[in-house]
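As stored in my_file.cif (mmCIF, C-alpha atoms and all ligand atoms):
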```
data_target
loop_
_atom_site.group_PDB
_atom_site.id
_atom_site.type_symbol
_atom_site.label_atom_id
_atom_site.label_comp_id
_atom_site.auth_asym_id
_atom_site.auth_seq_id
_atom_site.Cartn_x
_atom_site.Cartn_y
_atom_site.Cartn_z
ATOM 1 C CA MET A 294 -23.783 3.238 2.356
ATOM 2 C CA GLU A 295 -25.468 0.389 0.516
ATOM 3 C CA SER A 296 -23.684 -2.943 0.684
ATOM 4 C CA LEU A 297 -23.284 -5.103 -2.377
ATOM 5 C CA THR A 298 -26.279 -7.218 -3.199
ATOM 6 C CA ASP A 299 -25.555 -8.433 -6.730
ATOM 7 C CA ALA A 300 -25.371 -12.121 -7.498
ATOM 8 C CA THR A 301 -21.545 -12.204 -7.715
ATOM 9 C CA PHE A 302 -21.160 -11.132 -4.088
ATOM 10 C CA PRO A 303 -20.294 -14.071 -1.805
ATOM 11 C CA ALA A 304 -23.248 -15.332 0.219
ATOM 12 C CA ASP A 305 -23.525 -14.726 3.968
ATOM 13 C CA PRO A 306 -20.867 -17.107 5.284
ATOM 14 C CA SER A 307 -22.192 -17.404 8.820
ATOM 15 C CA THR A 308 -25.623 -18.583 9.788
ATOM 16 C CA PRO A 309 -26.796 -19.325 13.323
ATOM 17 C CA ALA A 310 -27.215 -22.970 12.377
ATOM 18 C CA GLU A 311 -23.556 -23.357 11.479
ATOM 19 C CA ALA A 312 -21.464 -25.477 13.847
ATOM 20 C CA GLY A 313 -18.822 -23.715 15.941
ATOM 21 C CA GLY A 314 -20.815 -20.839 17.408
ATOM 22 C CA THR A 315 -20.679 -17.127 16.818
ATOM 23 C CA LEU A 316 -17.611 -15.804 15.007
ATOM 24 C CA ILE A 317 -15.880 -12.844 16.632
ATOM 25 C CA LEU A 318 -14.472 -10.005 14.548
ATOM 26 C CA ALA A 319 -12.016 -7.860 16.587
ATOM 27 C CA LEU A 320 -11.769 -4.234 15.485
ATOM 28 C CA PRO A 321 -9.466 -1.498 16.775
ATOM 29 C CA LYS A 322 -10.759 1.608 18.489
ATOM 30 C CA GLY A 323 -9.346 4.866 17.205
ATOM 31 C CA ARG A 324 -8.355 6.126 13.829
ATOM 32 C CA ILE A 325 -8.563 2.899 11.775
ATOM 33 C CA LEU A 326 -12.182 2.475 12.766
ATOM 34 C CA ALA A 327 -13.275 5.654 10.998
ATOM 35 C CA GLU A 328 -11.743 4.513 7.698
ATOM 36 C CA LEU A 329 -12.943 0.959 8.206
ATOM 37 C CA GLY A 330 -16.636 1.899 8.454
ATOM 38 C CA PRO A 331 -17.225 2.088 4.682
ATOM 39 C CA VAL A 332 -15.305 -1.179 4.101
ATOM 40 C CA LEU A 333 -17.452 -2.970 6.685
ATOM 41 C CA ALA A 334 -20.600 -1.575 5.095
ATOM 42 C CA ARG A 335 -19.493 -2.704 1.640
ATOM 43 C CA ALA A 336 -18.776 -6.157 3.076
ATOM 44 C CA GLY A 337 -22.354 -6.134 4.346
ATOM 45 C CA ILE A 338 -21.464 -5.936 8.052
ATOM 46 C CA HIS A 339 -23.563 -3.524 10.096
ATOM 47 C CA PRO A 340 -22.789 -3.643 13.830
ATOM 48 C CA ALA A 341 -25.413 -2.567 16.380
ATOM 49 C CA ALA A 342 -26.019 1.191 16.329
ATOM 50 C CA ASP A 343 -24.054 2.015 19.501
ATOM 51 C CA PHE A 344 -20.850 0.467 18.063
ATOM 52 C CA ALA A 345 -19.975 3.828 16.490
ATOM 53 C CA ASP A 346 -20.739 5.683 19.723
ATOM 54 C CA GLU A 347 -17.372 6.365 21.445
ATOM 55 C CA GLY A 348 -19.337 7.028 24.643
ATOM 56 C CA SER A 349 -20.822 3.533 24.754
ATOM 57 C CA ARG A 350 -19.304 1.319 27.468
ATOM 58 C CA ARG A 351 -20.261 -1.837 25.598
ATOM 59 C CA LEU A 352 -17.332 -3.818 24.138
ATOM 60 C CA ARG A 353 -19.166 -6.576 22.255
ATOM 61 C CA PHE A 354 -21.826 -5.846 19.661
ATOM 62 C CA GLU A 355 -24.079 -8.030 17.610
ATOM 63 C CA THR A 356 -24.239 -7.418 13.855
ATOM 64 C CA ASP A 357 -26.965 -7.926 11.280
ATOM 65 C CA HIS A 358 -25.513 -11.444 10.808
ATOM 66 C CA PRO A 359 -26.664 -13.752 13.622
ATOM 67 C CA GLY A 360 -23.392 -15.713 13.364
ATOM 68 C CA LEU A 361 -21.063 -12.700 13.657
ATOM 69 C CA ASP A 362 -20.354 -10.397 16.618
ATOM 70 C CA VAL A 363 -17.866 -7.517 16.718
ATOM 71 C CA VAL A 364 -15.609 -6.593 19.661
ATOM 72 C CA ARG A 365 -13.935 -3.196 19.996
ATOM 73 C CA VAL A 366 -10.442 -3.382 21.505
ATOM 74 C CA ARG A 367 -7.116 -1.540 21.383
ATOM 75 C CA SER A 368 -5.140 -1.921 18.186
ATOM 76 C CA PHE A 369 -2.364 -4.107 19.685
ATOM 77 C CA ASP A 370 -4.963 -6.204 21.473
ATOM 78 C CA VAL A 371 -6.662 -7.126 18.174
ATOM 79 C CA ALA A 372 -3.533 -9.182 17.410
ATOM 80 C CA THR A 373 -3.616 -10.784 20.878
ATOM 81 C CA PHE A 374 -7.299 -11.746 20.601
ATOM 82 C CA VAL A 375 -6.779 -13.257 17.131
ATOM 83 C CA ALA A 376 -3.476 -14.993 17.978
ATOM 84 C CA HIS A 377 -5.187 -16.765 20.894
ATOM 85 C CA GLY A 378 -8.306 -17.603 18.893
ATOM 86 C CA ALA A 379 -10.532 -15.523 21.207
ATOM 87 C CA ALA A 380 -11.469 -13.671 18.019
ATOM 88 C CA GLN A 381 -11.294 -15.558 14.740
ATOM 89 C CA ILE A 382 -11.002 -12.473 12.500
ATOM 90 C CA GLY A 383 -9.634 -8.969 13.067
ATOM 91 C CA VAL A 384 -8.273 -5.788 11.579
ATOM 92 C CA CYS A 385 -5.011 -4.129 12.602
ATOM 93 C CA GLY A 386 -2.094 -2.185 11.179
ATOM 94 C CA ALA A 387 0.887 -3.925 9.583
ATOM 95 C CA ASP A 388 2.956 -2.129 12.249
ATOM 96 C CA VAL A 389 1.211 -4.188 14.928
ATOM 97 C CA LEU A 390 1.800 -7.414 12.971
ATOM 98 C CA MET A 391 5.504 -6.619 12.502
ATOM 99 C CA GLU A 392 5.851 -6.003 16.217
ATOM 100 C CA PHE A 393 3.742 -8.993 17.258
ATOM 101 C CA ASP A 394 5.130 -11.496 14.721
ATOM 102 C CA ASP A 395 2.902 -14.456 15.758
ATOM 103 C CA ASP A 396 2.640 -17.493 13.492
ATOM 104 C CA GLN A 397 -0.992 -18.113 14.515
ATOM 105 C CA ILE A 398 -1.916 -14.928 12.658
ATOM 106 C CA TYR A 399 -2.549 -15.100 8.917
ATOM 107 C CA ALA A 400 -2.987 -11.764 7.129
ATOM 108 C CA PRO A 401 -4.627 -12.506 3.774
ATOM 109 C CA LEU A 402 -5.851 -9.029 2.802
ATOM 110 C CA ASP A 403 -4.412 -5.530 2.620
ATOM 111 C CA LEU A 404 -7.350 -3.203 3.259
ATOM 112 C CA GLY A 405 -5.525 -0.171 1.852
ATOM 113 C CA ILE A 406 -6.543 2.058 4.771
ATOM 114 C CA GLY A 407 -4.563 3.481 7.725
ATOM 115 C CA ARG A 408 -1.660 4.429 5.459
ATOM 116 C CA CYS A 409 1.423 5.590 7.331
ATOM 117 C CA ARG A 410 4.980 4.404 7.914
ATOM 118 C CA VAL A 411 7.160 3.234 10.772
ATOM 119 C CA SER A 412 10.176 5.496 10.801
ATOM 120 C CA VAL A 413 13.221 6.538 12.730
ATOM 121 C CA ALA A 414 13.198 10.212 13.675
ATOM 122 C CA ALA A 415 15.852 12.336 15.302
ATOM 123 C CA PRO A 416 16.281 15.937 16.459
ATOM 124 C CA VAL A 417 16.843 18.331 13.544
ATOM 125 C CA GLU A 418 20.426 18.903 14.768
ATOM 126 C CA MET A 419 21.197 15.179 14.411
ATOM 127 C CA ALA A 420 19.855 14.879 10.856
ATOM 128 C CA GLY A 421 22.567 13.751 8.457
ATOM 129 C CA GLN A 422 24.526 11.940 11.174
ATOM 130 C CA ASP A 423 25.173 8.248 10.489
ATOM 131 C CA LEU A 424 23.145 6.471 13.185
ATOM 132 C CA GLY A 425 24.890 3.223 12.216
ATOM 133 C CA ALA A 426 28.240 4.607 13.345
ATOM 134 C CA ALA A 427 27.507 4.152 17.062
ATOM 135 C CA SER A 428 27.629 0.723 18.694
ATOM 136 C CA ARG A 429 24.637 1.567 20.949
ATOM 137 C CA LEU A 430 21.787 4.013 20.596
ATOM 138 C CA SER A 431 18.931 4.856 22.963
ATOM 139 C CA VAL A 432 15.575 4.611 21.189
ATOM 140 C CA ALA A 433 12.157 5.618 22.547
ATOM 141 C CA THR A 434 9.339 3.645 20.965
ATOM 142 C CA LYS A 435 6.209 1.600 21.407
ATOM 143 C CA TYR A 436 7.686 -0.845 18.865
ATOM 144 C CA PRO A 437 10.653 -2.415 20.726
ATOM 145 C CA ALA A 438 10.908 -5.505 18.506
ATOM 146 C CA ILE A 439 10.818 -3.500 15.260
ATOM 147 C CA ALA A 440 13.369 -1.009 16.592
ATOM 148 C CA ARG A 441 15.717 -3.703 17.923
ATOM 149 C CA ARG A 442 15.589 -5.629 14.630
ATOM 150 C CA HIS A 443 16.131 -2.516 12.554
ATOM 151 C CA PHE A 444 19.197 -1.328 14.445
ATOM 152 C CA ALA A 445 20.610 -4.846 14.864
ATOM 153 C CA GLN A 446 20.765 -5.089 11.046
ATOM 154 C CA LYS A 447 23.145 -2.121 11.152
ATOM 155 C CA GLY A 448 25.188 -3.668 13.950
ATOM 156 C CA VAL A 449 23.815 -1.160 16.467
ATOM 157 C CA GLN A 450 22.429 -2.249 19.825
ATOM 158 C CA ALA A 451 19.201 -0.359 20.511
ATOM 159 C CA ASP A 452 18.699 0.496 24.174
ATOM 160 C CA ILE A 453 14.911 0.646 24.229
ATOM 161 C CA VAL A 454 12.869 3.095 26.280
ATOM 162 C CA HIS A 455 9.367 1.669 25.975
ATOM 163 C CA LEU A 456 6.659 4.350 25.776
ATOM 164 C CA ASN A 457 2.996 4.031 24.837
ATOM 165 C CA GLY A 458 2.613 7.473 23.245
ATOM 166 C CA ALA A 459 4.156 10.933 22.963
ATOM 167 C CA MET A 460 7.461 9.404 21.836
ATOM 168 C CA GLU A 461 8.240 12.735 20.159
ATOM 169 C CA LEU A 462 9.009 14.266 23.568
ATOM 170 C CA ALA A 463 11.782 11.804 24.382
ATOM 171 C CA PRO A 464 14.805 13.339 22.567
ATOM 172 C CA SER A 465 14.265 16.902 23.834
ATOM 173 C CA LEU A 466 13.848 15.685 27.422
ATOM 174 C CA GLY A 467 16.924 13.466 27.286
ATOM 175 C CA LEU A 468 15.004 10.193 27.508
ATOM 176 C CA ALA A 469 16.452 8.807 24.264
ATOM 177 C CA ARG A 470 18.491 10.077 21.323
ATOM 178 C CA VAL A 471 16.063 8.981 18.608
ATOM 179 C CA ILE A 472 12.536 7.588 18.293
ATOM 180 C CA VAL A 473 10.856 4.890 16.212
ATOM 181 C CA ASP A 474 7.227 5.826 15.603
ATOM 182 C CA LEU A 475 4.455 6.134 13.043
ATOM 183 C CA VAL A 476 4.566 9.035 10.621
ATOM 184 C CA GLN A 477 1.824 10.072 8.247
ATOM 185 C CA THR A 478 1.849 13.787 7.417
ATOM 186 C CA GLY A 479 5.008 14.472 9.441
ATOM 187 C CA SER A 480 3.303 17.291 11.317
ATOM 188 C CA THR A 481 3.795 15.711 14.769
ATOM 189 C CA LEU A 482 7.528 15.360 14.135
ATOM 190 C CA LYS A 483 7.787 18.928 12.826
ATOM 191 C CA ALA A 484 5.884 20.352 15.776
ATOM 192 C CA ASN A 485 8.392 18.702 18.093
ATOM 193 C CA GLY A 486 11.646 19.609 16.367
ATOM 194 C CA LEU A 487 12.264 16.167 14.851
ATOM 195 C CA VAL A 488 12.964 14.947 11.322
ATOM 196 C CA GLU A 489 12.342 11.550 9.753
ATOM 197 C CA THR A 490 15.734 10.001 9.065
ATOM 198 C CA GLU A 491 14.768 6.512 7.810
ATOM 199 C CA VAL A 492 11.594 4.720 6.774
ATOM 200 C CA ILE A 493 11.595 1.225 8.281
ATOM 201 C CA ALA A 494 8.344 0.047 6.666
ATOM 202 C CA ASN A 495 5.241 1.318 4.929
ATOM 203 C CA VAL A 496 2.050 0.499 6.808
ATOM 204 C CA THR A 497 -1.564 -0.205 5.880
ATOM 205 C CA SER A 498 -4.265 -2.036 7.808
ATOM 206 C CA ARG A 499 -4.752 -5.773 7.253
ATOM 207 C CA LEU A 500 -7.554 -8.257 7.655
ATOM 208 C CA ILE A 501 -6.173 -10.989 9.914
ATOM 209 C CA VAL A 502 -7.469 -14.452 10.823
ATOM 210 C CA ASN A 503 -6.535 -17.152 13.303
ATOM 211 C CA ARG A 504 -4.862 -20.022 11.394
ATOM 212 C CA THR A 505 -6.416 -22.773 13.513
ATOM 213 C CA ALA A 506 -9.885 -21.287 13.108
ATOM 214 C CA LEU A 507 -9.325 -21.124 9.358
ATOM 215 C CA LYS A 508 -8.692 -24.890 9.424
ATOM 216 C CA THR A 509 -11.549 -25.788 11.764
ATOM 217 C CA ARG A 510 -14.137 -23.415 10.267
ATOM 218 C CA PRO A 511 -12.921 -22.997 6.702
ATOM 219 C CA GLU A 512 -16.268 -22.195 5.110
ATOM 220 C CA ALA A 513 -17.260 -19.407 7.461
ATOM 221 C CA ILE A 514 -13.835 -17.766 7.660
ATOM 222 C CA ALA A 515 -12.891 -18.130 4.001
ATOM 223 C CA GLY A 516 -16.394 -16.847 3.262
ATOM 224 C CA TRP A 517 -15.744 -13.651 5.206
ATOM 225 C CA ILE A 518 -12.332 -13.222 3.548
ATOM 226 C CA SER A 519 -14.090 -13.478 0.159
ATOM 227 C CA ARG A 520 -16.660 -10.909 1.208
ATOM 228 C CA PHE A 521 -13.954 -8.451 2.267
ATOM 229 C CA ARG A 522 -12.040 -9.131 -0.962
ATOM 230 C CA ALA A 523 -15.172 -8.438 -3.026
ATOM 231 C CA ALA A 524 -15.858 -5.271 -1.023
ATOM 232 C CA LEU A 525 -12.321 -3.965 -1.704
ATOM 233 C CA ALA A 526 -12.571 -4.804 -5.407
ATOM 234 C CA GLU A 527 -15.865 -2.959 -5.608
ATOM 235 C CA ARG A 528 -14.419 0.052 -3.730
ATOM 236 C CA ASP A 529 -11.261 0.156 -5.859
ATOM 237 C CA ALA A 530 -13.217 -0.097 -9.112
ATOM 238 C CA ARG A 531 -14.939 3.235 -8.389
HETATM 239 N N1 LIG A 601 -0.949 9.046 11.873
HETATM 240 C C1 LIG A 601 -1.443 7.918 11.405
HETATM 241 N N2 LIG A 601 -1.865 7.852 10.156
HETATM 242 C C2 LIG A 601 -2.392 6.718 9.652
HETATM 243 N N3 LIG A 601 -2.518 5.568 10.351
HETATM 244 C C3 LIG A 601 -2.096 5.590 11.580
HETATM 245 C C4 LIG A 601 -1.554 6.756 12.180
HETATM 246 N N4 LIG A 601 -1.268 6.493 13.438
HETATM 247 C C5 LIG A 601 -1.625 5.216 13.614
HETATM 248 N N5 LIG A 601 -2.093 4.646 12.493
HETATM 249 C C6 LIG A 601 -2.568 3.267 12.310
HETATM 250 O O1 LIG A 601 -3.635 3.105 13.215
HETATM 251 C C7 LIG A 601 -3.327 2.091 14.170
HETATM 252 C C8 LIG A 601 -3.917 2.481 15.487
HETATM 253 O O2 LIG A 601 -3.364 3.697 15.860
HETATM 254 P P1 LIG A 601 -4.102 4.648 16.883
HETATM 255 O O3 LIG A 601 -3.214 5.839 16.993
HETATM 256 O O4 LIG A 601 -5.532 4.772 16.545
HETATM 257 O O5 LIG A 601 -4.090 3.814 18.139
HETATM 258 P P2 LIG A 601 -3.059 3.852 19.282
HETATM 259 O O6 LIG A 601 -3.075 5.230 19.880
HETATM 260 O O7 LIG A 601 -1.756 3.316 18.781
HETATM 261 O O8 LIG A 601 -3.741 2.767 20.144
HETATM 262 P P3 LIG A 601 -4.063 2.775 21.624
HETATM 263 O O9 LIG A 601 -5.040 3.910 21.838
HETATM 264 O O10 LIG A 601 -4.658 1.434 21.750
HETATM 265 O O11 LIG A 601 -2.745 2.939 22.311
HETATM 266 C C9 LIG A 601 -1.812 1.968 14.138
HETATM 267 O O12 LIG A 601 -1.411 0.683 14.543
HETATM 268 C C10 LIG A 601 -1.496 2.257 12.682
HETATM 269 O O13 LIG A 601 -1.610 1.085 11.893
HETATM 270 O O1 LIG A 602 2.721 12.266 10.908
HETATM 271 P P1 LIG A 602 1.453 12.640 11.593
HETATM 272 O O2 LIG A 602 0.329 12.849 10.622
HETATM 273 O O3 LIG A 602 1.613 13.792 12.528
HETATM 274 O O4 LIG A 602 0.966 11.348 12.437
HETATM 275 C C1 LIG A 602 1.843 10.728 13.340
HETATM 276 C C2 LIG A 602 1.260 10.642 14.700
HETATM 277 O O5 LIG A 602 0.098 9.792 14.661
HETATM 278 C C3 LIG A 602 0.223 8.806 15.671
HETATM 279 O O6 LIG A 602 -0.199 9.285 16.905
HETATM 280 P P2 LIG A 602 -1.712 9.375 17.345
HETATM 281 O O7 LIG A 602 -2.325 10.621 16.804
HETATM 282 O O8 LIG A 602 -2.431 8.124 17.004
HETATM 283 O O9 LIG A 602 -1.575 9.525 18.896
HETATM 284 P P3 LIG A 602 -0.960 8.531 19.979
HETATM 285 O O10 LIG A 602 -0.344 7.333 19.304
HETATM 286 O O11 LIG A 602 0.063 9.375 20.676
HETATM 287 O O12 LIG A 602 -2.135 8.145 20.809
HETATM 288 C C4 LIG A 602 1.731 8.593 15.782
HETATM 289 O O13 LIG A 602 2.083 7.986 17.006
HETATM 290 C C5 LIG A 602 2.289 9.973 15.613
HETATM 291 O O14 LIG A 602 2.391 10.667 16.846
#
```

Rendering of file as structure tokens:
Amino acid sequence: MESLTDATFPADPSTPAEAGGTLILALPKGRILAELGPVLARAGIHPAADFADEGSRRLRFETDHPGLDVVRVRSFDVATFVAHGAAQIGVCGADVLMEFDDDQIYAPLDLGIGRCRVSVAAPVEMAGQDLGAASRLSVATKYPAIARRHFAQKGVQADIVHLNGAMELAPSLGLARVIVDLVQTGSTLKANGLVETEVIANVTSRLIVNRTALKTRPEAIAGWISRFRAALAERDAR
């Protein structure tokens, strides 16, 4: 895909001569990356060819901008790299930001990709039961903070079973009564005898930046935010 070249598009915000060194853009491996490709291209960012190669063992890639490198990390780790300033810019799901809740992370742009929701799901037989009626409830999830907060608002103490995947197995194997997980089409829930009982939050992917870096390198970072904003406007106008 051609990137924007017209005169209204913000100029390349990072040049090798700029003070502060190479900016790092942290991107998640996995499903967001596929949808992010066209957005990156529209923003005029083309990482080295092997970036798209899942078989490549490289983790850091130069781009066609001498002042910008890309690192490929796990989705939750994007937030960690940006919160600590190891990467100045990143992309991750709003689910990760809700769970991470770090005030060093500023999320100025909704990229409108990676659409799904964080939901509570329960076995079909439990559907219709008032989950707020119990004082405690066991919950399998990779989002312990989101789950705890959600059930605390109902006066229910969530006993968290922390899993990193395959949460859908937990109720049928007696690991937890309900799960809190991402739902998009609902087919994973259906295939495992579960139904979505509550939507906690709708999720899309966000551009995130480190707040300190935004203060110390305002031109470069605000420049990249503008480029992404222009790329989204151009995409959405089509
Ligand atoms: N089914 C889905 N539909 C749409 N977006 C999703 C879906 N599942 C996850 N996402 C979004 O993609 C992000 C990364 O999810 P993905 O499943 O690729 O990684 P993961 O398996 O959670 O990460 P890791 O492999 O690091 O454990 C999530 O944080 C969420 O924002
Ligand atoms: O509603 P659906 O369209 O079925 O999508 C939901 C599934 O997608 C995500 O898993 P993913 O495929 O990323 O696998 P993992 O998190 O278990 O690695 C999520 O954890 C659900 O299992």

Give as a PDB file with C-alpha atoms, in the frame of the given file the residues that the PyMOL selection byres (((not hetatm)) within 6 of (chain A and resi 602)) matches when applied to the coordinates above.
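Writing the result to out-v2.pdb gives the following:
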```
ATOM      1  CA  GLY A 458       2.613   7.473  23.245  1.00  0.00           C
ATOM      2  CA  ALA A 459       4.156  10.933  22.963  1.00  0.00           C
ATOM      3  CA  ASP A 474       7.227   5.826  15.603  1.00  0.00           C
ATOM      4  CA  LEU A 475       4.455   6.134  13.043  1.00  0.00           C
ATOM      5  CA  VAL A 476       4.566   9.035  10.621  1.00  0.00           C
ATOM      6  CA  GLN A 477       1.824  10.072   8.247  1.00  0.00           C
ATOM      7  CA  THR A 478       1.849  13.787   7.417  1.00  0.00           C
ATOM      8  CA  GLY A 479       5.008  14.472   9.441  1.00  0.00           C
ATOM      9  CA  SER A 480       3.303  17.291  11.317  1.00  0.00           C
ATOM     10  CA  THR A 481       3.795  15.711  14.769  1.00  0.00           C
TER      11      THR A 481
END
```

Which of these residues is nearest to Gly486 of chain A, using all atoms listed in the file: A:Val332, A:Ile514, A:Ala415, A:Ile317? A:Ala415

Which distance in Å separates atom CA of Ser498 of chain A and atom CA of Asp394 of chain A, to one decimal?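 We find that atom CA of Ser498 of chain A and atom CA of Asp394 of chain A lie 15.0 Å from each other.
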
Can you pull out every residue within 12 Å of Ala400 of chain A, counting all atoms listed in the file, but drop anything in the same chain fewer than 5 positions away, and send it as a PyMOL selection string? chain A and resi 372+375-376+381-387+389-391+394-395+497-504+507+518

Do you know which residues the PyMOL selection byres (((chain A and resi 525) around 10) and not hetatm) returns on this file, as a PyMOL selection string? chain A and resi 332-333+335-336+402-405+519-524+526-530

Which one of A:Val449, A:Val366, A:Val432, A:Ala342 sits closest to ligand LIG 601 (chain A) if you count all atoms listed in the file?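 Selected residue with least distance to ligand LIG 601 (chain A): A:Val366.
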
What's the 8 Å shell around Thr490 of chain A, counting only C-alpha atoms, without same-chain residues fewer than 3 positions away, as a PDB file with C-alpha atoms, in the frame of the given file?
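The new file part-v5.pdb reads:
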```pdb
ATOM      1  CA  SER A 412      10.176   5.496  10.801  1.00  0.00           C
ATOM      2  CA  VAL A 413      13.221   6.538  12.730  1.00  0.00           C
ATOM      3  CA  ALA A 414      13.198  10.212  13.675  1.00  0.00           C
ATOM      4  CA  ALA A 415      15.852  12.336  15.302  1.00  0.00           C
ATOM      5  CA  ALA A 420      19.855  14.879  10.856  1.00  0.00           C
ATOM      6  CA  GLY A 421      22.567  13.751   8.457  1.00  0.00           C
TER       7      GLY A 421
END
```

Taking the file as shown, find all residues satisfying the PyMOL selection byres (((chain A and resi 510) around 12) and not hetatm) and write them as JSON, numbers by chain. {"A": [306, 307, 311, 312, 313, 314, 315, 316, 378, 381, 382, 502, 503, 504, 505, 506, 507, 508, 509, 511, 512, 513, 514, 515, 516, 517]}

What does the distance between atom CA of Ser465 of chain A and atom CA of Val492 of chain A come to in Å, to one decimal place?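 The value is 21.1 Å.
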
With 4 Å added on each side, what axis-aligned box encloses every listed atom of segment 474-480 of chain A? Give the centre and edge lengths in Å to one decimal, as lines of an AutoDock Vina configuration file.
```
center_x = 4.5
center_y = 11.6
center_z = 11.5
size_x = 13.4
size_y = 19.5
size_z = 16.2
```

Identify which of the residues A:Leu326, A:Leu487, A:Ala319, A:Val371 lies closest to Arg353 of chain A, counting all atoms listed in the file when measuring atom-to-atom distances.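 Counting all atoms listed in the file, the residue closest to Arg353 of chain A is A:Ala319.
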
Name the residues in contact with Val471 of chain A at a cut-off of 12 Å, using only C-alpha atoms, excluding same-chain residues fewer than 2 positions from it; report them as a VMD selection string. chain A and resid 412 to 420 422 424 429 to 434 440 444 451 to 454 460 to 469 473 to 474 482 486 to 491

Counting all atoms listed in the file, which residue out of A:Asp388, A:Val363, A:Ile398, A:Ser428 sits closest to Arg410 of chain A?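 Selected residue with least distance to Arg410 of chain A: A:Asp388.
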
Work out how far atom C7 of ligand LIG 601 (chain A) is from atom CA of Ile325 of chain A, in Å to one decimal. 5.8 Å

Who sits within 12 Å of Phe344 of chain A, only C-alpha atoms, same chain under 2 positions skipped, as a list in words: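 So, after excluding close chain neighbours, the residues are Leu320, Pro321, Lys322, Leu326, Ala327, Gly330, Ile338, His339, Pro340, Ala341, Ala342, Asp346, Glu347, Gly348, Ser349, Arg350, Arg351, Leu352, Arg353, Phe354, Glu355, Thr356, Asp362, Val363, Val364, Arg365 and Val366 of chain A.
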
Residue with smallest distance to ligand LIG 601 (chain A) - pool A:Glu392, A:Gly407, A:Ala427, A:Pro401, counting only C-alpha atoms and all ligand atoms: A:Gly407

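Here the question is which of A:His377, A:Arg442, A:His455, A:Lys435 gets nearest to ligand LIG 601 (chain A) using all atoms listed in the file, and that residue is A:Lys435.
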
Reconstructed N, CA and C atoms for segment 328-341 of chain A, given as a CSV table (one decimal), in the frame of the given file:
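result12.csv was written with the following content:
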```csv
chain,number,residue,atom,x,y,z
A,328,GLU,N,-11.9,4.9,9.1
A,328,GLU,CA,-11.7,4.5,7.7
A,328,GLU,C,-12.3,3.1,7.4
A,329,LEU,N,-12.5,2.3,8.4
A,329,LEU,CA,-12.9,1.0,8.2
A,329,LEU,C,-14.5,0.9,8.0
A,330,GLY,N,-15.2,1.9,8.5
A,330,GLY,CA,-16.6,1.9,8.5
A,330,GLY,C,-17.2,1.6,7.1
A,331,PRO,N,-16.7,2.4,6.0
A,331,PRO,CA,-17.2,2.1,4.7
A,331,PRO,C,-16.9,0.7,4.2
A,332,VAL,N,-15.7,0.2,4.6
A,332,VAL,CA,-15.3,-1.2,4.1
A,332,VAL,C,-16.2,-2.2,4.7
A,333,LEU,N,-16.5,-2.0,6.0
A,333,LEU,CA,-17.5,-3.0,6.7
A,333,LEU,C,-18.8,-2.9,6.0
A,334,ALA,N,-19.3,-1.7,5.7
A,334,ALA,CA,-20.6,-1.6,5.1
A,334,ALA,C,-20.6,-2.2,3.7
A,335,ARG,N,-19.5,-2.1,3.0
A,335,ARG,CA,-19.5,-2.7,1.6
A,335,ARG,C,-19.5,-4.2,1.8
A,336,ALA,N,-18.8,-4.7,2.8
A,336,ALA,CA,-18.8,-6.2,3.1
A,336,ALA,C,-20.1,-6.7,3.6
A,337,GLY,N,-21.0,-5.7,3.9
A,337,GLY,CA,-22.4,-6.1,4.3
A,337,GLY,C,-22.4,-6.4,5.8
A,338,ILE,N,-21.5,-5.8,6.6
A,338,ILE,CA,-21.5,-5.9,8.1
A,338,ILE,C,-21.9,-4.6,8.7
A,339,HIS,N,-23.0,-4.7,9.4
A,339,HIS,CA,-23.6,-3.5,10.1
A,339,HIS,C,-23.7,-3.8,11.6
A,340,PRO,N,-22.7,-3.4,12.4
A,340,PRO,CA,-22.8,-3.6,13.8
A,340,PRO,C,-23.9,-2.9,14.5
A,341,ALA,N,-24.3,-3.3,15.6
A,341,ALA,CA,-25.4,-2.6,16.4
A,341,ALA,C,-25.1,-1.1,16.4
```
